>>> print(open('entry_15.cif').read())   # mmCIF, C-alpha atoms
data_run
loop_
_atom_site.group_PDB
_atom_site.id
_atom_site.type_symbol
_atom_site.label_atom_id
_atom_site.label_comp_id
_atom_site.auth_asym_id
_atom_site.auth_seq_id
_atom_site.Cartn_x
_atom_site.Cartn_y
_atom_site.Cartn_z
ATOM 1 C CA MET M 784 -35.679 -24.925 -17.246
ATOM 2 C CA ASP M 785 -32.458 -26.513 -18.486
ATOM 3 C CA MET M 786 -29.589 -24.070 -18.792
ATOM 4 C CA ASP M 787 -27.276 -26.761 -20.199
ATOM 5 C CA ASN M 788 -29.317 -26.993 -23.395
ATOM 6 C CA ASN M 789 -28.558 -23.374 -24.263
ATOM 7 C CA ASN M 790 -24.792 -23.922 -24.305
ATOM 8 C CA GLU M 791 -23.296 -24.972 -27.638
ATOM 9 C CA GLY M 792 -19.617 -25.149 -26.697
ATOM 10 C CA GLY M 793 -19.995 -26.620 -23.225
ATOM 11 C CA ASP M 794 -17.275 -24.391 -21.727
ATOM 12 C CA THR M 795 -19.618 -22.720 -19.265
ATOM 13 C CA GLN M 796 -21.982 -25.542 -18.459
ATOM 14 C CA LEU M 797 -23.336 -25.638 -14.964
ATOM 15 C CA GLY M 798 -21.236 -28.306 -13.256
ATOM 16 C CA SER M 799 -18.378 -28.182 -15.785
ATOM 17 C CA GLY M 800 -14.965 -26.550 -15.456
ATOM 18 C CA SER M 801 -14.032 -25.803 -11.877
ATOM 19 C CA SER M 802 -17.052 -27.561 -10.330
ATOM 20 C CA GLY M 803 -19.421 -24.959 -11.759
ATOM 21 C CA SER M 804 -18.186 -22.362 -9.284
ATOM 22 C CA GLU M 805 -19.056 -19.563 -11.699
ATOM 23 C CA TRP M 806 -22.769 -19.867 -10.926
ATOM 24 C CA PRO M 807 -22.707 -19.649 -7.105
ATOM 25 C CA ASP M 808 -20.214 -16.770 -7.355
ATOM 26 C CA LEU M 809 -22.411 -14.582 -9.577
ATOM 27 C CA THR M 810 -23.213 -11.209 -8.067
ATOM 28 C CA HIS M 811 -26.791 -10.231 -7.261
ATOM 29 C CA GLU M 812 -26.759 -7.790 -10.189
ATOM 30 C CA CYS M 813 -25.623 -10.503 -12.629
ATOM 31 C CA LEU M 814 -28.247 -12.915 -11.368
ATOM 32 C CA THR M 815 -31.078 -10.412 -11.712
ATOM 33 C CA ASN M 816 -29.882 -9.567 -15.204
ATOM 34 C CA ILE M 817 -30.037 -13.238 -16.179
ATOM 35 C CA LEU M 818 -33.383 -13.796 -14.475
ATOM 36 C CA SER M 819 -34.907 -10.793 -16.215
ATOM 37 C CA ARG M 820 -34.618 -12.725 -19.479
ATOM 38 C CA LEU M 821 -36.932 -15.455 -18.179
ATOM 39 C CA THR M 822 -40.703 -15.397 -18.057
ATOM 40 C CA LEU M 823 -42.498 -15.149 -14.734
ATOM 41 C CA GLU M 824 -43.494 -18.809 -14.949
ATOM 42 C CA GLU M 825 -39.931 -19.887 -15.713
ATOM 43 C CA ARG M 826 -38.609 -18.016 -12.685
ATOM 44 C CA TRP M 827 -41.220 -19.499 -10.379
ATOM 45 C CA LEU M 828 -40.673 -23.075 -11.559
ATOM 46 C CA GLY M 829 -36.885 -23.183 -11.538
ATOM 47 C CA PRO M 830 -34.402 -20.593 -10.219
ATOM 48 C CA MET M 831 -36.347 -19.875 -7.029
ATOM 49 C CA PHE M 832 -35.540 -23.397 -5.798
ATOM 50 C CA VAL M 833 -31.806 -23.487 -6.607
ATOM 51 C CA CYS M 834 -30.390 -21.819 -3.510
ATOM 52 C CA LYS M 835 -30.946 -18.925 -1.119
ATOM 53 C CA SER M 836 -29.033 -16.355 -3.189
ATOM 54 C CA TRP M 837 -31.028 -17.242 -6.291
ATOM 55 C CA LEU M 838 -34.270 -17.006 -4.326
ATOM 56 C CA GLN M 839 -33.317 -13.531 -3.125
ATOM 57 C CA ALA M 840 -32.436 -12.515 -6.680
ATOM 58 C CA CYS M 841 -35.853 -13.737 -7.848
ATOM 59 C CA LYS M 842 -37.435 -11.370 -5.322
ATOM 60 C CA ASP M 843 -35.627 -8.286 -6.635
ATOM 61 C CA PRO M 844 -38.111 -5.411 -7.197
ATOM 62 C CA SER M 845 -36.748 -4.819 -10.705
ATOM 63 C CA LEU M 846 -38.209 -8.188 -11.742
ATOM 64 C CA HIS M 847 -41.658 -7.342 -10.454
ATOM 65 C CA THR M 848 -42.817 -4.192 -12.180
ATOM 66 C CA VAL M 849 -45.289 -6.353 -14.136
ATOM 67 C CA PHE M 850 -47.308 -9.355 -12.935
ATOM 68 C CA ASP M 851 -48.621 -11.073 -16.067
ATOM 69 C CA LEU M 852 -50.188 -14.534 -15.944
ATOM 70 C CA ASN M 853 -52.245 -13.991 -19.069
ATOM 71 C CA PRO M 854 -49.905 -16.014 -21.344
ATOM 72 C CA HIS M 855 -50.445 -19.029 -19.076
ATOM 73 C CA PHE M 856 -54.234 -18.738 -19.138
ATOM 74 C CA ASP M 857 -54.324 -18.026 -22.871
ATOM 75 C CA SER M 858 -52.272 -21.136 -23.608
ATOM 76 C CA THR M 859 -54.474 -23.491 -21.582
ATOM 77 C CA ILE M 860 -58.093 -24.559 -21.876
ATOM 78 C CA ASP M 861 -60.372 -23.067 -19.241
ATOM 79 C CA SER M 862 -60.780 -25.648 -16.508
ATOM 80 C CA PRO M 863 -63.353 -26.170 -13.730
ATOM 81 C CA ARG M 864 -60.360 -26.247 -11.371
ATOM 82 C CA TYR M 865 -59.782 -22.540 -12.026
ATOM 83 C CA TRP M 866 -63.165 -21.768 -10.441
ATOM 84 C CA THR M 867 -62.444 -23.535 -7.145
ATOM 85 C CA PRO M 868 -61.620 -21.836 -3.810
ATOM 86 C CA ASP M 869 -58.288 -23.658 -3.696
ATOM 87 C CA PHE M 870 -57.125 -22.251 -7.028
ATOM 88 C CA GLU M 871 -58.310 -18.792 -6.028
ATOM 89 C CA ARG M 872 -56.230 -18.969 -2.843
ATOM 90 C CA LYS M 873 -53.170 -19.858 -4.907
ATOM 91 C CA MET M 874 -53.729 -16.893 -7.221
ATOM 92 C CA ASP M 875 -54.182 -14.600 -4.227
ATOM 93 C CA SER M 876 -51.021 -15.891 -2.579
ATOM 94 C CA MET M 877 -48.999 -15.472 -5.760
ATOM 95 C CA LEU M 878 -50.210 -11.918 -6.349
ATOM 96 C CA GLN M 879 -49.610 -10.910 -2.746
ATOM 97 C CA SER M 880 -46.048 -12.220 -2.916
ATOM 98 C CA VAL M 881 -45.320 -10.220 -6.054
ATOM 99 C CA VAL M 882 -46.846 -7.091 -4.520
ATOM 100 C CA VAL M 883 -44.479 -7.406 -1.538
ATOM 101 C CA TRP M 884 -41.432 -8.081 -3.702
ATOM 102 C CA SER M 885 -42.239 -5.206 -6.063
ATOM 103 C CA ASP M 886 -41.714 -2.676 -3.267
ATOM 104 C CA ALA M 887 -44.360 -0.330 -4.763
ATOM 105 C CA SER M 888 -42.890 -0.560 -8.280
ATOM 106 C CA LEU M 889 -45.681 -2.728 -9.725
ATOM 107 C CA THR M 890 -47.301 -0.983 -12.710
ATOM 108 C CA ALA M 891 -49.337 -3.801 -14.287
ATOM 109 C CA ILE M 892 -51.383 -6.728 -12.975
ATOM 110 C CA ASP M 893 -52.831 -9.198 -15.478
ATOM 111 C CA THR M 894 -54.299 -12.292 -13.855
ATOM 112 C CA ARG M 895 -57.542 -14.193 -13.324
ATOM 113 C CA HIS M 896 -59.408 -15.927 -10.528
ATOM 114 C CA CYS M 897 -58.093 -13.779 -7.704
ATOM 115 C CA SER M 898 -60.296 -12.224 -5.000
ATOM 116 C CA ASP M 899 -60.799 -9.131 -2.873
ATOM 117 C CA ARG M 900 -58.182 -10.489 -0.499
ATOM 118 C CA SER M 901 -55.231 -9.923 -2.852
ATOM 119 C CA LEU M 902 -56.665 -6.859 -4.583
ATOM 120 C CA LEU M 903 -57.184 -4.996 -1.307
ATOM 121 C CA PHE M 904 -53.588 -5.855 -0.498
ATOM 122 C CA ALA M 905 -52.427 -4.580 -3.902
ATOM 123 C CA ALA M 906 -54.453 -1.375 -3.628
ATOM 124 C CA GLN M 907 -52.627 -0.449 -0.436
ATOM 125 C CA ARG M 908 -49.157 -1.063 -1.844
ATOM 126 C CA CYS M 909 -49.281 -0.292 -5.579
ATOM 127 C CA PRO M 910 -49.725 3.463 -6.023
ATOM 128 C CA ASN M 911 -48.079 3.299 -9.471
ATOM 129 C CA LEU M 912 -50.460 0.735 -10.924
ATOM 130 C CA GLU M 913 -51.429 1.648 -14.493
ATOM 131 C CA VAL M 914 -52.877 -1.589 -15.911
ATOM 132 C CA LEU M 915 -55.283 -3.881 -14.062
ATOM 133 C CA SER M 916 -56.744 -6.940 -15.792
ATOM 134 C CA ILE M 917 -58.657 -9.347 -13.555
ATOM 135 C CA LYS M 918 -60.980 -11.335 -15.800
ATOM 136 C CA SER M 919 -63.114 -14.157 -14.380
ATOM 137 C CA CYS M 920 -62.887 -13.220 -10.709
ATOM 138 C CA PRO M 921 -66.192 -14.180 -9.043
ATOM 139 C CA ASN M 922 -65.046 -12.942 -5.623
ATOM 140 C CA VAL M 923 -63.805 -9.516 -6.619
ATOM 141 C CA THR M 924 -66.388 -7.006 -5.416
ATOM 142 C CA ASP M 925 -66.993 -3.282 -5.042
ATOM 143 C CA ALA M 926 -65.023 -3.407 -1.788
ATOM 144 C CA SER M 927 -61.656 -3.895 -3.485
ATOM 145 C CA MET M 928 -62.541 -1.802 -6.538
ATOM 146 C CA THR M 929 -63.349 1.138 -4.287
ATOM 147 C CA LYS M 930 -59.860 0.915 -2.785
ATOM 148 C CA ILE M 931 -58.355 0.628 -6.262
ATOM 149 C CA ALA M 932 -60.248 3.748 -7.341
ATOM 150 C CA PHE M 933 -58.951 5.874 -4.469
ATOM 151 C CA ARG M 934 -55.384 4.558 -4.226
ATOM 152 C CA CYS M 935 -54.432 3.609 -7.805
ATOM 153 C CA THR M 936 -55.306 6.866 -9.537
ATOM 154 C CA LYS M 937 -52.740 6.377 -12.349
ATOM 155 C CA LEU M 938 -54.832 3.600 -13.866
ATOM 156 C CA ARG M 939 -54.859 3.691 -17.695
ATOM 157 C CA GLU M 940 -56.384 0.303 -18.528
ATOM 158 C CA LEU M 941 -58.969 -1.745 -16.674
ATOM 159 C CA ASP M 942 -60.359 -5.165 -17.606
ATOM 160 C CA ILE M 943 -63.088 -6.457 -15.304
ATOM 161 C CA SER M 944 -64.690 -8.845 -17.779
ATOM 162 C CA TYR M 945 -66.743 -11.698 -16.270
ATOM 163 C CA CYS M 946 -66.501 -10.155 -12.768
ATOM 164 C CA TYR M 947 -70.172 -10.154 -11.847
ATOM 165 C CA GLU M 948 -69.864 -8.854 -8.280
ATOM 166 C CA ILE M 949 -68.547 -5.489 -9.503
ATOM 167 C CA SER M 950 -71.371 -2.984 -9.960
ATOM 168 C CA HIS M 951 -71.873 0.313 -11.757
ATOM 169 C CA GLU M 952 -70.967 2.087 -8.504
ATOM 170 C CA SER M 953 -67.359 0.963 -8.894
ATOM 171 C CA LEU M 954 -67.329 2.223 -12.472
ATOM 172 C CA VAL M 955 -68.379 5.664 -11.251
ATOM 173 C CA LEU M 956 -65.602 5.769 -8.640
ATOM 174 C CA ILE M 957 -62.974 4.532 -11.100
ATOM 175 C CA GLY M 958 -64.034 7.142 -13.624
ATOM 176 C CA ARG M 959 -63.989 10.012 -11.145
ATOM 177 C CA ASN M 960 -60.664 9.146 -9.529
ATOM 178 C CA CYS M 961 -58.669 7.782 -12.477
ATOM 179 C CA PRO M 962 -58.590 10.579 -15.074
ATOM 180 C CA ASN M 963 -55.969 8.762 -17.186
ATOM 181 C CA LEU M 964 -58.275 5.806 -17.899
ATOM 182 C CA LYS M 965 -58.268 5.167 -21.644
ATOM 183 C CA VAL M 966 -59.255 1.491 -21.919
ATOM 184 C CA LEU M 967 -62.178 -0.289 -20.229
ATOM 185 C CA LYS M 968 -63.194 -3.886 -20.856
ATOM 186 C CA ARG M 969 -66.449 -4.906 -19.203
ATOM 187 C CA ASN M 970 -67.420 -7.991 -21.207
ATOM 188 C CA LEU M 971 -70.006 -10.489 -20.002
ATOM 189 C CA MET M 972 -70.184 -14.187 -20.790
ATOM 190 C CA ASN M 973 -72.385 -15.322 -23.646
ATOM 191 C CA TRP M 974 -75.723 -15.525 -21.851
ATOM 192 C CA LEU M 975 -77.479 -16.199 -25.170
ATOM 193 C CA ASP M 976 -75.743 -19.559 -25.474
ATOM 194 C CA PRO M 977 -74.350 -20.511 -22.043
ATOM 195 C CA SER M 978 -73.669 -24.052 -23.253
ATOM 196 C CA GLN M 979 -70.165 -22.994 -24.282
ATOM 197 C CA HIS M 980 -69.352 -22.478 -20.584
ATOM 198 C CA ALA M 981 -71.156 -25.602 -19.352
ATOM 199 C CA GLY M 982 -69.094 -27.920 -17.206
ATOM 200 C CA VAL M 983 -66.495 -25.239 -16.544
ATOM 201 C CA VAL M 984 -68.150 -22.169 -15.069
ATOM 202 C CA PRO M 985 -70.494 -22.872 -12.119
ATOM 203 C CA ASN M 986 -74.153 -22.608 -13.179
ATOM 204 C CA GLU M 987 -75.019 -20.244 -10.351
ATOM 205 C CA TYR M 988 -72.374 -17.848 -11.598
ATOM 206 C CA LEU M 989 -73.618 -17.992 -15.179
ATOM 207 C CA ASN M 990 -77.088 -17.151 -13.890
ATOM 208 C CA ALA M 991 -75.740 -14.140 -11.997
ATOM 209 C CA CYS M 992 -75.037 -12.193 -15.192
ATOM 210 C CA PRO M 993 -75.624 -8.433 -14.560
ATOM 211 C CA GLN M 994 -79.029 -7.403 -15.914
ATOM 212 C CA ASP M 995 -79.022 -3.600 -15.880
ATOM 213 C CA GLY M 996 -76.730 -2.630 -18.710
ATOM 214 C CA ASP M 997 -78.044 0.922 -18.784
ATOM 215 C CA SER M 998 -76.837 1.659 -15.247
ATOM 216 C CA GLU M 999 -73.321 0.644 -16.243
ATOM 217 C CA ALA M 1000 -73.617 2.584 -19.496
ATOM 218 C CA ALA M 1001 -74.648 5.700 -17.573
ATOM 219 C CA ALA M 1002 -71.718 5.279 -15.191
ATOM 220 C CA ILE M 1003 -69.314 4.999 -18.115
ATOM 221 C CA GLY M 1004 -70.774 7.895 -20.070
ATOM 222 C CA LYS M 1005 -70.941 10.290 -17.120
ATOM 223 C CA SER M 1006 -67.635 9.525 -15.396
ATOM 224 C CA MET M 1007 -65.158 8.430 -18.107
ATOM 225 C CA PRO M 1008 -64.922 11.335 -20.588
ATOM 226 C CA TYR M 1009 -61.410 10.450 -21.794
ATOM 227 C CA LEU M 1010 -62.130 6.820 -22.620
ATOM 228 C CA GLU M 1011 -60.810 5.719 -26.031
ATOM 229 C CA ASN M 1012 -61.367 1.962 -26.098
ATOM 230 C CA LEU M 1013 -64.482 0.280 -24.673
ATOM 231 C CA GLU M 1014 -65.554 -3.365 -24.782
ATOM 232 C CA ILE M 1015 -68.992 -4.327 -23.422
ATOM 233 C CA GLN M 1016 -69.702 -7.664 -25.098
ATOM 234 C CA PHE M 1017 -73.107 -9.194 -24.273
ATOM 235 C CA SER M 1018 -74.166 -6.164 -22.238
ATOM 236 C CA LYS M 1019 -77.936 -5.779 -21.902
ATOM 237 C CA LEU M 1020 -77.846 -2.033 -22.480
ATOM 238 C CA SER M 1021 -80.558 -0.374 -24.545
ATOM 239 C CA ALA M 1022 -80.428 2.380 -27.155
ATOM 240 C CA ARG M 1023 -80.652 4.912 -24.344
ATOM 241 C CA GLY M 1024 -77.605 3.435 -22.614
ATOM 242 C CA LEU M 1025 -75.596 3.498 -25.829
ATOM 243 C CA SER M 1026 -76.535 7.151 -26.358
ATOM 244 C CA LEU M 1027 -75.261 8.030 -22.877
ATOM 245 C CA ILE M 1028 -71.918 6.398 -23.663
ATOM 246 C CA CYS M 1029 -71.524 8.139 -27.019
ATOM 247 C CA GLU M 1030 -72.563 11.518 -25.582
ATOM 248 C CA GLY M 1031 -70.175 11.293 -22.632
ATOM 249 C CA CYS M 1032 -67.154 9.551 -24.173
ATOM 250 C CA VAL M 1033 -66.432 11.946 -27.022
ATOM 251 C CA ASN M 1034 -62.861 10.629 -27.492
ATOM 252 C CA LEU M 1035 -64.014 7.064 -28.119
ATOM 253 C CA LYS M 1036 -62.130 5.374 -30.979
ATOM 254 C CA TYR M 1037 -63.174 1.729 -30.600
ATOM 255 C CA LEU M 1038 -66.400 0.224 -29.260
ATOM 256 C CA ASP M 1039 -67.087 -3.523 -29.088
ATOM 257 C CA LEU M 1040 -70.817 -4.270 -28.956
ATOM 258 C CA SER M 1041 -70.581 -7.981 -29.782
ATOM 259 C CA GLY M 1042 -73.619 -9.816 -28.447
ATOM 260 C CA CYS M 1043 -75.516 -6.648 -27.435
ATOM 261 C CA THR M 1044 -78.773 -7.901 -28.898
ATOM 262 C CA ASN M 1045 -80.981 -5.133 -27.489
ATOM 263 C CA LEU M 1046 -79.455 -2.793 -30.080
ATOM 264 C CA THR M 1047 -80.450 -2.420 -33.732
ATOM 265 C CA SER M 1048 -78.453 -1.004 -36.595
ATOM 266 C CA ARG M 1049 -80.545 2.139 -36.376
ATOM 267 C CA ASP M 1050 -79.869 2.493 -32.632
ATOM 268 C CA ILE M 1051 -76.130 2.254 -33.216
ATOM 269 C CA ALA M 1052 -76.123 4.680 -36.134
ATOM 270 C CA ASN M 1053 -78.192 7.272 -34.271
ATOM 271 C CA ALA M 1054 -76.162 7.100 -31.066
ATOM 272 C CA SER M 1055 -72.763 7.291 -32.752
ATOM 273 C CA SER M 1056 -73.574 9.830 -35.467
ATOM 274 C CA ASN M 1057 -71.351 12.519 -33.923
ATOM 275 C CA LEU M 1058 -68.345 10.214 -33.450
ATOM 276 C CA LYS M 1059 -66.998 10.116 -36.990
ATOM 277 C CA ALA M 1060 -63.710 8.371 -36.134
ATOM 278 C CA LEU M 1061 -65.335 5.636 -34.046
ATOM 279 C CA GLU M 1062 -64.795 2.022 -35.079
ATOM 280 C CA ILE M 1063 -67.666 -0.162 -33.922
ATOM 281 C CA LYS M 1064 -67.778 -3.928 -33.674
ATOM 282 C CA LYS M 1065 -71.486 -4.609 -34.076
ATOM 283 C CA PRO M 1066 -73.593 -7.314 -32.387
ATOM 284 C CA ASN M 1067 -73.612 -9.650 -35.476
ATOM 285 C CA ILE M 1068 -75.382 -12.434 -33.609
ATOM 286 C CA TYR M 1069 -78.265 -14.353 -35.088
ATOM 287 C CA ILE M 1070 -80.964 -15.413 -32.658
ATOM 288 C CA PRO M 1071 -83.899 -17.524 -33.877
ATOM 289 C CA ARG M 1072 -87.082 -15.453 -33.683
ATOM 290 C CA SER M 1073 -89.009 -18.271 -32.077
ATOM 291 C CA VAL M 1074 -86.486 -18.529 -29.242
ATOM 292 C CA TYR M 1075 -85.693 -14.942 -28.304
ATOM 293 C CA LEU M 1076 -87.670 -12.325 -30.143
ATOM 294 C CA THR M 1077 -91.171 -13.706 -29.776
ATOM 295 C CA GLU M 1078 -90.478 -14.390 -26.118
ATOM 296 C CA ARG M 1079 -89.310 -10.847 -25.529
ATOM 297 C CA TYR M 1080 -91.643 -8.721 -27.644
ATOM 298 C CA GLY M 1081 -94.681 -10.921 -28.238
ATOM 299 C CA HIS M 1082 -96.139 -12.308 -31.466
ATOM 300 C CA TRP M 1083 -97.944 -9.039 -32.232
ATOM 301 C CA ARG M 1084 -94.629 -7.264 -32.867
ATOM 302 C CA LEU M 1085 -93.109 -9.774 -35.257
ATOM 303 C CA TYR M 1086 -93.051 -7.176 -37.994
ATOM 304 C CA ASP M 1087 -91.241 -4.549 -35.966
ATOM 305 C CA GLU M 1088 -87.998 -3.194 -37.463
ATOM 306 C CA ARG M 1089 -86.019 -5.404 -35.101
ATOM 307 C CA PHE M 1090 -87.190 -8.482 -36.941
ATOM 308 C CA GLN M 1091 -86.224 -7.617 -40.493
ATOM 309 C CA THR M 1092 -84.199 -10.320 -42.220
ATOM 310 C CA ASP M 1093 -80.765 -8.720 -41.815
ATOM 311 C CA VAL M 1094 -81.063 -7.030 -38.442
ATOM 312 C CA PHE M 1095 -79.379 -9.748 -36.398
ATOM 313 C CA ARG M 1096 -76.590 -10.100 -38.925
ATOM 314 C CA ILE M 1097 -75.576 -6.456 -38.449
#
>>> encode(input="entry_15.cif", output="structure tokens")
Amino acid sequence: MDMDNNNEGGDTQLGSGSSGSEWPDLTHECLTNILSRLTLEERWLGPMFVCKSWLQACKDPSLHTVFDLNPHFDSTIDSPRYWTPDFERKMDSMLQSVVVWSDASLTAIDTRHCSDRSLLFAAQRCPNLEVLSIKSCPNVTDASMTKIAFRCTKLRELDISYCYEISHESLVLIGRNCPNLKVLKRNLMNWLDPSQHAGVVPNEYLNACPQDGDSEAAAIGKSMPYLENLEIQFSKLSARGLSLICEGCVNLKYLDLSGCTNLTSRDIANASSNLKALEIKKPNIYIPRSVYLTERYGHWRLYDERFQTDVFRI
């Protein structure tokens, strides 16, 4: 970060005038006001290393109501390095620091590749948490999600996509204890074509994809009645599971079923018939019959309704 480049006249350049004394003499309030205009990444890479007073200003609770690393991850290509224990420790350390500095004012956490270690820490100290997004966290388990459920009851949005160690039991607890929950994202990786993750995501993790979509569907339908937005891409739920969701989540406005290949157009229409305002993103995935359908249902069912020409282009 180069503050000099933002000065057109040069009158207030750092180091100009009276030896740049204006900067060291800034009050804590002025510093925090300036720092609030920077992104989290900009603060961590520059001002924190200037001097002690700037470091203290960077730790001000007013700057840490939101912990959002999503812009960084969205702007970079997923890397095998992100899936290493060393990177996970760094994410944990960073989140724990922000939790301490927030002094219980943290309302949103949006990160990836953290673990139970930092989430258990956050659950104890973030009673005002409303948004939790922790995609791609292989070492986040029911242990930390249970604590989140009981201690972060103001939760409105939850994204636990690609977190395969979180089970339907956590979904039940979240639903029962977080009545304000309106958004749930529980997307799985594309298990139909795992080649897109090859060389980045460890193979053993790809193979650990949750199998029982109906258990998760039942948990959602029975414990999250106020849900409005639900994403369950590549879930292995059946027509029965979808019916449980639609029967229990009567306020649902958006449902993403991308990659849910166990569902047909008829299944979706029947399950959602009473939800007139519901917008559904349908599976729309084509799978060669010889690869998936024959394997699953056998050659004697090739003329079942599932195998009509347009079914997998829903």
>>> resolve_selection(input="entry_15.cif", expression="the PyMOL selection byres ((chain M and resi 827) around 12)", output="list in words")
Met784, Leu818, Leu821, Thr822, Leu823, Glu824, Glu825, Arg826, Leu828, Gly829, Pro830, Met831, Phe832, Val833, Trp837, Leu838, Ala840, Cys841, Lys842, Leu846, Leu852, Met877, Ser880 and Val881 of chain M
>>> residues_around(input="entry_15.cif", residues="Ser944 of chain M", least_positions_apart="5", cutoff="10 Å", atoms="all atoms listed in the file", output="JSON, numbers by chain")
{"M": [895, 916, 917, 918, 919, 920, 949, 967, 968, 969, 970, 971, 972, 1014, 1015, 1016]}
>>> residues_around(input="entry_15.cif", residues="segment 1050-1058 of chain M", least_positions_apart="6", cutoff="7 Å", atoms="all atoms listed in the file", output="mmCIF file with C-alpha atoms, keeping the file's coordinate frame")
data_model
loop_
_atom_site.group_PDB
_atom_site.id
_atom_site.type_symbol
_atom_site.label_atom_id
_atom_site.label_comp_id
_atom_site.auth_asym_id
_atom_site.auth_seq_id
_atom_site.Cartn_x
_atom_site.Cartn_y
_atom_site.Cartn_z
ATOM 1 C CA ALA M 1022 -80.428 2.380 -27.155
ATOM 2 C CA LEU M 1025 -75.596 3.498 -25.829
ATOM 3 C CA SER M 1026 -76.535 7.151 -26.358
ATOM 4 C CA CYS M 1029 -71.524 8.139 -27.019
ATOM 5 C CA VAL M 1033 -66.432 11.946 -27.022
#
>>> resolve_selection(input="entry_15.cif", expression="the PyMOL selection byres ((chain M and resi 876) around 12)", output="list in words")
Asp869, Phe870, Glu871, Arg872, Lys873, Met874, Asp875, Met877, Leu878, Gln879, Ser880, Val881, Val882, Val883, His896, Cys897, Ser898, Asp899, Arg900, Ser901, Leu902, Phe904 and Ala905 of chain M
>>> resolve_selection(input="entry_15.cif", expression="the PyMOL selection byres ((chain M and resi 862) around 12)", output="JSON, numbers by chain")
{"M": [856, 857, 858, 859, 860, 861, 863, 864, 865, 866, 867, 870, 896, 919, 980, 981, 982, 983, 984, 985]}
>>> atom_distance(input="entry_15.cif", atom1="atom CA of Lys1065 of chain M", atom2="atom CA of Arg959 of chain M")
28.2 Å
>>> closest_residue(input="entry_15.cif", among="M:Asn1034, M:Thr894, M:Asn1012, M:Gln907", to="Arg934 of chain M", atoms="only C-alpha atoms")
M:Gln907
>>> closest_residue(input="entry_15.cif", among="M:Tyr1037, M:Asp942, M:Leu1010, M:Ser1018", to="Gly996 of chain M", atoms="all atoms listed in the file")
M:Ser1018
>>> atom_distance(input="entry_15.cif", atom1="atom CA of Ile892 of chain M", atom2="atom CA of Asp851 of chain M")
6.0 Å
>>> atom_distance(input="entry_15.cif", atom1="atom CA of Met1007 of chain M", atom2="atom CA of Leu964 of chain M")
7.4 Å
>>> closest_residue(input="entry_15.cif", among="M:Lys835, M:Arg939, M:Lys1064, M:Lys930", to="Lys1036 of chain M", atoms="all atoms listed in the file")
M:Lys1064
>>> closest_residue(input="entry_15.cif", among="M:His855, M:Ser950, M:Ser845, M:Val955", to="Phe933 of chain M", atoms="all atoms listed in the file")
M:Val955
>>> closest_residue(input="entry_15.cif", among="M:Cys946, M:Ala926, M:Cys834, M:Cys1032", to="Leu1013 of chain M", atoms="all atoms listed in the file")
M:Cys1032
